[in-house]
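Participant: One structure, as structure tokens, below. Some questions next.
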Amino acid sequence: MNLAGRSEREILLFAGLLALSMGLFIARFGRVLRVILRSKQDPDFHLTPILPRVADFFWQVICQAKVIRYRPFAGLAHALVFWGFCAFSIVSINHILLGFGLHWIDAKSGHFGPVYFFCASLFAGTVSIAILLLTYRRFVMRPKWLGDKVSLESGLIALLILTLMLTYLGDYCLALAPASTAARLLWWTHTAALLVFLPLIPHTKHLHLLLGPVSVFLSRGSFARIPPLIGEEDFGLVTGKDITRLVALQAYSCVECGRCQEHCPAYNTGKLLNPKEIALGFKSYLNVNKENSEHPLLGIHLAEEAVFQCTTCGACEYQCPIGIEHLPLIVGLRRGAVNTGAWEDEYGGELFLKLERSGNPFGMSQFERDKFIKKAELPFYDGSQDYLLWLGCMGSYDPAGREIVTALAQVMRYRGVTFGVLKKERCTGDAARRLGNDLAFQQLAEFNIAQLRAARAKKLISICPHCVRTISEDWKEFGPAFEIEHHSVFLARHDSALPAAPSTATLVYHDPCYLGRYQGVYEEPRAVARSSGHLVEPPRSRDRGFCCGAGGGLTFLGEEKGTRISHARAAELTATGASAVVAACPFCNSMLRDALPAVRPANTPQLMDIAQLAAARLPPSTEPRT
Ligand code: SF4
Ligand code: SF4
């Protein structure tokens, strides 16, 4: 916009308002930056390798891929606003320079200026439409995950953006004489919107405009990774002193879009937990406490009850477009509560005691495992077999888990694949880890690692996605990772070599969170299931799959508030009309075993693991040895 012929008074007024606007911006943004930079360093943070970060940044920030993918309509509107902002950066700088009578780019002369300002006008048009649609959605449609209250802040920001776009369009399209009253009015309206908008950025959730891209670029980049505790004095997230730079950065970056909340099984079944409030709880804490405060984190801003309602399903972290990593936050707070002895829970205490005394969450003796191994005629691993069959606690002690192991062994034998089991095996420490008991986790992991090394284990196979995740990822803290495969991957590879079993049965597959989101395994179990019938999908599946409620140690804690998560999931699965529900995780299996008859007492669908489906296709001569 041109402001030829402005008076000195006008220039002075503009300079004063600009200084005020920038002062308010810097005061708040400076404080945010100080908090982030003065926070503890993240022990597991490595900037390198840089290429995956750049690729992720390009995909998530520049292309707005996640934003669009999961909410196509609102996501595209948001992406248009973002791209419009980028395109408008030169317009805004030019506008400020013109306020001082300086020139950078002329819209009317040269080659670049006219083309650029024409493109900016196209963006101004699309951003205006996008903002109107987003405003309609927020204030008229009002999706519940955007919050119950009408957000005046959002309304004001939308109005400012619209003003910026329309004043630009007015000036561009009308091509008014620069000294005319109409041109000056447009210029000052545009200026006022710009100068009000600037300080609002760091004072509101629009801080994500600045920190969101940084947060995406600097995120750990590994899904649901729990950072290691460093040194004797690190108990997890206990007070403000334990908040790391990544935690602070991510907390300030939250855009309050509610995507995490929308997919959270705990929130959606009436629990106190809302993952959005976890991110915002850290932000509120940092807003009211000094940096490195010794005030406890759990209490006013973050609730202990909520933190221990998380199933660690990862739906929140997976959805977040800003790269906020909820799992390190939630498990960090659990660690703080457990490692300092602040968490008092009858079931949790019992679980930890059983893990310590018996090495498994059921408190059963090793003798029970030995009896099962003998009865199922499972050979011991001697270093020469193809696989070490990791039984896990469910495969060792749970009757249904044992049936799954037996079915898998049957298929392996049929295919001539050799395997053996460990003589002694304890819980991987999955529940202890996710509940924040690092001591129990370490003891269990170290015991198992010693057994595996002594047995010269090369390649492991497991029926349990939780075991696969803990062994392949969490145990890395104690040495090189073991190679471990989930049985669905093995079965899919051997599926075409198993006898065909044409069937018209309708099956529905439930994605276990620890197999899908955690390991990206979606197709393999479906391929196995398809060989046994017609596969249908529940409304929430694959990376948007809805948890069964077992993870994060919750299967051992009980679920007192709201609807049971397993019942909510079972209702979705049975609503498909399938005659059988197919699972690929013994924990999902155990949750759905109770939930399916509870929600569908008559004509309850059959519940089967993919290993049982595959084994059912074998000729009768390969009967299970139990
Ligand atoms: S944590 Fe992420 S997904 Fe949740 S509201 Fe904030 S930005 Fe959105
Ligand atoms: S991990 Fe799952 S249960 Fe936990 S807060 Fe996130 S979405 Fe909710």
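Residue numbers start at 1 in each chain; chains themselves are named A, B, ... in the order of the structure tokens; ligands are numbered from 1 in the order shown.
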Wanna dump the chain A-ligand 1 contacts at 8 Å for me, each residue with its shortest atom pair and the distance in Å to one decimal, counting only C-alpha atoms and all ligand atoms, ordered by chain and number, as JSON lines?
Facilitator:
{"residue": "A:Ala251", "atom": "CA", "partner": "ligand 1", "partner_atom_place_in_ligand_line": "1 (S)", "distance": 7.9}
{"residue": "A:Ser253", "atom": "CA", "partner": "ligand 1", "partner_atom_place_in_ligand_line": "7 (S)", "distance": 7.0}
{"residue": "A:Cys254", "atom": "CA", "partner": "ligand 1", "partner_atom_place_in_ligand_line": "6 (Fe)", "distance": 3.9}
{"residue": "A:Val255", "atom": "CA", "partner": "ligand 1", "partner_atom_place_in_ligand_line": "7 (S)", "distance": 4.3}
{"residue": "A:Glu256", "atom": "CA", "partner": "ligand 1", "partner_atom_place_in_ligand_line": "5 (S)", "distance": 3.6}
{"residue": "A:Cys257", "atom": "CA", "partner": "ligand 1", "partner_atom_place_in_ligand_line": "8 (Fe)", "distance": 4.0}
{"residue": "A:Gly258", "atom": "CA", "partner": "ligand 1", "partner_atom_place_in_ligand_line": "5 (S)", "distance": 3.9}
{"residue": "A:Arg259", "atom": "CA", "partner": "ligand 1", "partner_atom_place_in_ligand_line": "3 (S)", "distance": 4.3}
{"residue": "A:Cys260", "atom": "CA", "partner": "ligand 1", "partner_atom_place_in_ligand_line": "3 (S)", "distance": 4.2}
{"residue": "A:Gln261", "atom": "CA", "partner": "ligand 1", "partner_atom_place_in_ligand_line": "4 (Fe)", "distance": 6.3}
{"residue": "A:Pro275", "atom": "CA", "partner": "ligand 1", "partner_atom_place_in_ligand_line": "4 (Fe)", "distance": 6.3}
{"residue": "A:Lys276", "atom": "CA", "partner": "ligand 1", "partner_atom_place_in_ligand_line": "4 (Fe)", "distance": 4.4}
{"residue": "A:Glu277", "atom": "CA", "partner": "ligand 1", "partner_atom_place_in_ligand_line": "1 (S)", "distance": 7.9}
{"residue": "A:Ile278", "atom": "CA", "partner": "ligand 1", "partner_atom_place_in_ligand_line": "1 (S)", "distance": 7.8}
{"residue": "A:Ala279", "atom": "CA", "partner": "ligand 1", "partner_atom_place_in_ligand_line": "1 (S)", "distance": 5.6}
{"residue": "A:Leu280", "atom": "CA", "partner": "ligand 1", "partner_atom_place_in_ligand_line": "6 (Fe)", "distance": 7.5}
{"residue": "A:Cys316", "atom": "CA", "partner": "ligand 1", "partner_atom_place_in_ligand_line": "3 (S)", "distance": 6.3}
{"residue": "A:Glu317", "atom": "CA", "partner": "ligand 1", "partner_atom_place_in_ligand_line": "3 (S)", "distance": 7.2}
{"residue": "A:Gln319", "atom": "CA", "partner": "ligand 1", "partner_atom_place_in_ligand_line": "3 (S)", "distance": 5.8}
{"residue": "A:Cys320", "atom": "CA", "partner": "ligand 1", "partner_atom_place_in_ligand_line": "3 (S)", "distance": 3.6}
{"residue": "A:Pro321", "atom": "CA", "partner": "ligand 1", "partner_atom_place_in_ligand_line": "2 (Fe)", "distance": 5.9}
{"residue": "A:Ile322", "atom": "CA", "partner": "ligand 1", "partner_atom_place_in_ligand_line": "7 (S)", "distance": 5.3}
{"residue": "A:Gly323", "atom": "CA", "partner": "ligand 1", "partner_atom_place_in_ligand_line": "2 (Fe)", "distance": 6.9}
{"residue": "A:Ile324", "atom": "CA", "partner": "ligand 1", "partner_atom_place_in_ligand_line": "2 (Fe)", "distance": 5.5}
{"residue": "A:Glu325", "atom": "CA", "partner": "ligand 1", "partner_atom_place_in_ligand_line": "1 (S)", "distance": 8.0}
{"residue": "A:His326", "atom": "CA", "partner": "ligand 1", "partner_atom_place_in_ligand_line": "1 (S)", "distance": 7.4}
Participant: Residues within 10 Å of ligand 2 should be enumerated using only C-alpha atoms and all ligand atoms and returned as a PyMOL selection string.
Facilitator: chain A and resi 224+259-268+271+273-278+306-319+325-331+513+546-547+549-552+554+565
Participant: Export N, CA and C atoms of the chosen residues as a short mmCIF file (atom, residue, chain, number, x, y, z; two decimals), in the first residue's frame?
Facilitator:
data_model
loop_
_atom_site.label_atom_id
_atom_site.label_comp_id
_atom_site.auth_asym_id
_atom_site.auth_seq_id
_atom_site.Cartn_x
_atom_site.Cartn_y
_atom_site.Cartn_z
N ALA A 224 6.24 -41.76 20.70
CA ALA A 224 6.00 -42.20 22.08
C ALA A 224 7.27 -42.62 22.81
N ARG A 259 -7.29 -31.97 18.56
CA ARG A 259 -7.19 -33.24 17.83
C ARG A 259 -6.85 -34.37 18.78
N CYS A 260 -5.99 -34.09 19.73
CA CYS A 260 -5.60 -35.11 20.71
C CYS A 260 -6.81 -35.53 21.54
N GLN A 261 -7.56 -34.53 21.95
CA GLN A 261 -8.76 -34.77 22.77
C GLN A 261 -9.81 -35.59 22.01
N GLU A 262 -9.96 -35.25 20.75
CA GLU A 262 -10.96 -35.92 19.91
C GLU A 262 -10.72 -37.43 19.84
N HIS A 263 -9.44 -37.83 19.89
CA HIS A 263 -9.12 -39.25 19.70
C HIS A 263 -8.78 -39.97 20.99
N CYS A 264 -8.79 -39.26 22.11
CA CYS A 264 -8.36 -39.90 23.36
C CYS A 264 -9.43 -40.83 23.91
N PRO A 265 -9.11 -42.12 24.10
CA PRO A 265 -10.12 -43.04 24.62
C PRO A 265 -10.53 -42.72 26.05
N ALA A 266 -9.60 -42.18 26.82
CA ALA A 266 -9.95 -41.85 28.22
C ALA A 266 -10.94 -40.69 28.23
N TYR A 267 -10.62 -39.63 27.50
CA TYR A 267 -11.51 -38.47 27.47
C TYR A 267 -12.88 -38.85 26.90
N ASN A 268 -12.86 -39.68 25.86
CA ASN A 268 -14.11 -40.03 25.19
C ASN A 268 -14.99 -41.01 25.96
N LYS A 271 -13.50 -39.92 31.35
CA LYS A 271 -12.48 -39.79 32.39
C LYS A 271 -12.07 -38.32 32.52
N LEU A 273 -9.02 -37.28 32.28
CA LEU A 273 -7.89 -37.02 31.38
C LEU A 273 -8.32 -36.39 30.05
N ASN A 274 -7.62 -35.32 29.71
CA ASN A 274 -7.75 -34.71 28.38
C ASN A 274 -6.33 -34.34 27.95
N PRO A 275 -5.80 -34.99 26.92
CA PRO A 275 -4.39 -34.74 26.57
C PRO A 275 -4.10 -33.29 26.24
N LYS A 276 -5.10 -32.57 25.72
CA LYS A 276 -4.89 -31.14 25.44
C LYS A 276 -4.60 -30.41 26.75
N GLU A 277 -5.33 -30.79 27.79
CA GLU A 277 -5.13 -30.12 29.08
C GLU A 277 -3.80 -30.49 29.71
N ILE A 278 -3.20 -31.59 29.27
CA ILE A 278 -1.87 -31.94 29.78
C ILE A 278 -0.88 -30.91 29.22
N ALA A 306 -5.83 -37.72 36.44
CA ALA A 306 -5.87 -37.73 34.97
C ALA A 306 -4.65 -38.45 34.40
N VAL A 307 -3.50 -38.16 34.97
CA VAL A 307 -2.25 -38.72 34.45
C VAL A 307 -2.26 -40.26 34.51
N PHE A 308 -2.91 -40.80 35.56
CA PHE A 308 -2.93 -42.26 35.69
C PHE A 308 -4.15 -42.90 35.01
N GLN A 309 -4.86 -42.11 34.20
CA GLN A 309 -5.97 -42.68 33.41
C GLN A 309 -5.55 -42.93 31.97
N CYS A 310 -4.30 -42.66 31.65
CA CYS A 310 -3.83 -42.77 30.27
C CYS A 310 -3.49 -44.22 29.91
N THR A 311 -3.97 -44.67 28.77
CA THR A 311 -3.67 -46.04 28.34
C THR A 311 -2.39 -46.09 27.49
N THR A 312 -1.75 -44.94 27.33
CA THR A 312 -0.54 -44.81 26.48
C THR A 312 -0.80 -45.28 25.04
N CYS A 313 -2.05 -45.12 24.61
CA CYS A 313 -2.40 -45.59 23.25
C CYS A 313 -1.71 -44.76 22.17
N GLY A 314 -1.31 -43.56 22.52
CA GLY A 314 -0.55 -42.72 21.58
C GLY A 314 -1.41 -41.99 20.55
N ALA A 315 -2.74 -42.09 20.65
CA ALA A 315 -3.59 -41.43 19.65
C ALA A 315 -3.35 -39.92 19.67
N CYS A 316 -3.13 -39.37 20.84
CA CYS A 316 -2.93 -37.92 20.97
C CYS A 316 -1.64 -37.49 20.27
N GLU A 317 -0.57 -38.16 20.62
CA GLU A 317 0.74 -37.79 20.05
C GLU A 317 0.74 -37.99 18.54
N TYR A 318 0.08 -39.05 18.10
CA TYR A 318 0.04 -39.36 16.68
C TYR A 318 -0.69 -38.27 15.89
N GLN A 319 -1.72 -37.70 16.52
CA GLN A 319 -2.55 -36.72 15.82
C GLN A 319 -1.98 -35.31 15.85
N GLU A 325 4.71 -34.12 22.12
CA GLU A 325 4.89 -35.54 22.47
C GLU A 325 4.28 -35.77 23.85
N HIS A 326 3.03 -36.24 23.82
CA HIS A 326 2.29 -36.38 25.08
C HIS A 326 2.83 -37.50 25.96
N LEU A 327 3.33 -38.57 25.33
CA LEU A 327 3.74 -39.73 26.14
C LEU A 327 4.90 -39.40 27.08
N PRO A 328 5.94 -38.73 26.59
CA PRO A 328 7.00 -38.35 27.55
C PRO A 328 6.46 -37.44 28.66
N LEU A 329 5.46 -36.61 28.36
CA LEU A 329 4.88 -35.74 29.39
C LEU A 329 4.13 -36.57 30.42
N ILE A 330 3.25 -37.44 29.93
CA ILE A 330 2.40 -38.21 30.84
C ILE A 330 3.23 -39.20 31.65
N VAL A 331 4.09 -39.95 30.95
CA VAL A 331 4.92 -40.93 31.68
C VAL A 331 5.91 -40.19 32.60
N CYS A 513 -3.14 -50.74 19.56
CA CYS A 513 -2.37 -49.47 19.48
C CYS A 513 -0.88 -49.74 19.38
N PHE A 546 -9.17 -47.23 17.83
CA PHE A 546 -9.56 -46.87 19.20
C PHE A 546 -9.07 -47.96 20.15
N CYS A 547 -8.45 -47.51 21.20
CA CYS A 547 -7.80 -48.39 22.18
C CYS A 547 -8.79 -49.37 22.84
N GLY A 549 -8.21 -50.23 25.98
CA GLY A 549 -8.18 -49.81 27.39
C GLY A 549 -7.13 -50.50 28.24
N ALA A 550 -6.32 -51.38 27.62
CA ALA A 550 -5.40 -52.19 28.44
C ALA A 550 -4.04 -51.54 28.69
N GLY A 551 -3.60 -50.71 27.74
CA GLY A 551 -2.20 -50.25 27.79
C GLY A 551 -1.87 -49.34 28.95
N GLY A 552 -0.57 -49.08 29.06
CA GLY A 552 -0.11 -48.16 30.10
C GLY A 552 -0.28 -48.73 31.49
N LEU A 554 -2.92 -50.06 32.62
CA LEU A 554 -4.29 -49.88 33.12
C LEU A 554 -5.04 -51.20 33.27
N ILE A 565 -13.50 -48.35 28.61
CA ILE A 565 -12.98 -48.14 27.25
C ILE A 565 -13.20 -49.40 26.41
#
Participant: At a cut-off of 12 Å, using only C-alpha atoms, what residues contact Ala575 (chain A)? Leave out same-chain residues fewer than 5 positions from it and give the result as a ChimeraX atom specification.
Facilitator: /A:507-508,536-540,567-570,580-581,596,599-600,603-605
Participant: Check the smallest atom-to-atom distance from each of A:Thr181, A:Phe372, A:Ile201, A:Trp188 to Ser154 (chain A) using only C-alpha atoms, then report the winner.
Facilitator: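 Selected residue with least distance to Ser154 (chain A): A:Ile201.
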Participant: Can you tell me, as a ChimeraX atom specification, what residues are no more than 6 Å from region 460-471 of chain A when counting only C-alpha atoms, ignoring any on the same chain fewer than 4 positions away?
Facilitator: /A:387-390,430,475,484-487,514-515,585
Participant: Could you save those same residues with N, CA, C and O atoms as a short mmCIF file (atom, residue, chain, number, x, y, z; two decimals), in the first residue's frame?
Facilitator:
data_model
loop_
_atom_site.label_atom_id
_atom_site.label_comp_id
_atom_site.auth_asym_id
_atom_site.auth_seq_id
_atom_site.Cartn_x
_atom_site.Cartn_y
_atom_site.Cartn_z
N TYR A 387 14.06 -69.14 15.53
CA TYR A 387 13.49 -68.09 16.39
C TYR A 387 13.59 -68.45 17.87
O TYR A 387 13.46 -69.62 18.24
N LEU A 388 13.73 -67.40 18.67
CA LEU A 388 13.47 -67.57 20.10
C LEU A 388 12.03 -67.08 20.30
O LEU A 388 11.72 -65.91 20.02
N LEU A 389 11.17 -67.98 20.70
CA LEU A 389 9.76 -67.62 20.91
C LEU A 389 9.62 -66.99 22.29
O LEU A 389 9.73 -67.68 23.32
N TRP A 390 9.40 -65.69 22.28
CA TRP A 390 9.24 -64.96 23.55
C TRP A 390 7.79 -65.12 24.00
O TRP A 390 6.87 -64.71 23.30
N ASP A 430 7.02 -53.65 30.62
CA ASP A 430 6.17 -52.69 29.89
C ASP A 430 5.27 -51.90 30.84
O ASP A 430 5.29 -50.67 30.83
N TRP A 475 14.27 -51.24 25.85
CA TRP A 475 15.46 -51.91 26.38
C TRP A 475 16.76 -51.33 25.81
O TRP A 475 17.83 -51.65 26.31
N ILE A 484 13.33 -58.40 17.00
CA ILE A 484 12.09 -59.09 17.40
C ILE A 484 10.98 -58.81 16.40
O ILE A 484 10.84 -57.70 15.91
N GLU A 485 10.22 -59.86 16.12
CA GLU A 485 9.16 -59.75 15.11
C GLU A 485 7.82 -60.07 15.75
O GLU A 485 7.73 -61.00 16.56
N HIS A 486 6.81 -59.31 15.39
CA HIS A 486 5.47 -59.65 15.87
C HIS A 486 4.92 -60.80 15.03
O HIS A 486 5.18 -60.87 13.83
N HIS A 487 4.13 -61.66 15.66
CA HIS A 487 3.71 -62.86 14.93
C HIS A 487 2.86 -62.54 13.71
O HIS A 487 2.79 -63.32 12.77
N TYR A 514 -0.40 -50.73 20.14
CA TYR A 514 1.04 -50.99 20.18
C TYR A 514 1.55 -51.71 18.93
O TYR A 514 2.75 -51.85 18.74
N LEU A 515 0.63 -52.18 18.10
CA LEU A 515 1.05 -52.78 16.83
C LEU A 515 0.87 -51.78 15.69
O LEU A 515 1.75 -51.64 14.84
N CYS A 585 -3.24 -59.09 19.70
CA CYS A 585 -2.55 -58.70 20.94
C CYS A 585 -3.25 -59.41 22.08
O CYS A 585 -4.48 -59.34 22.20
#
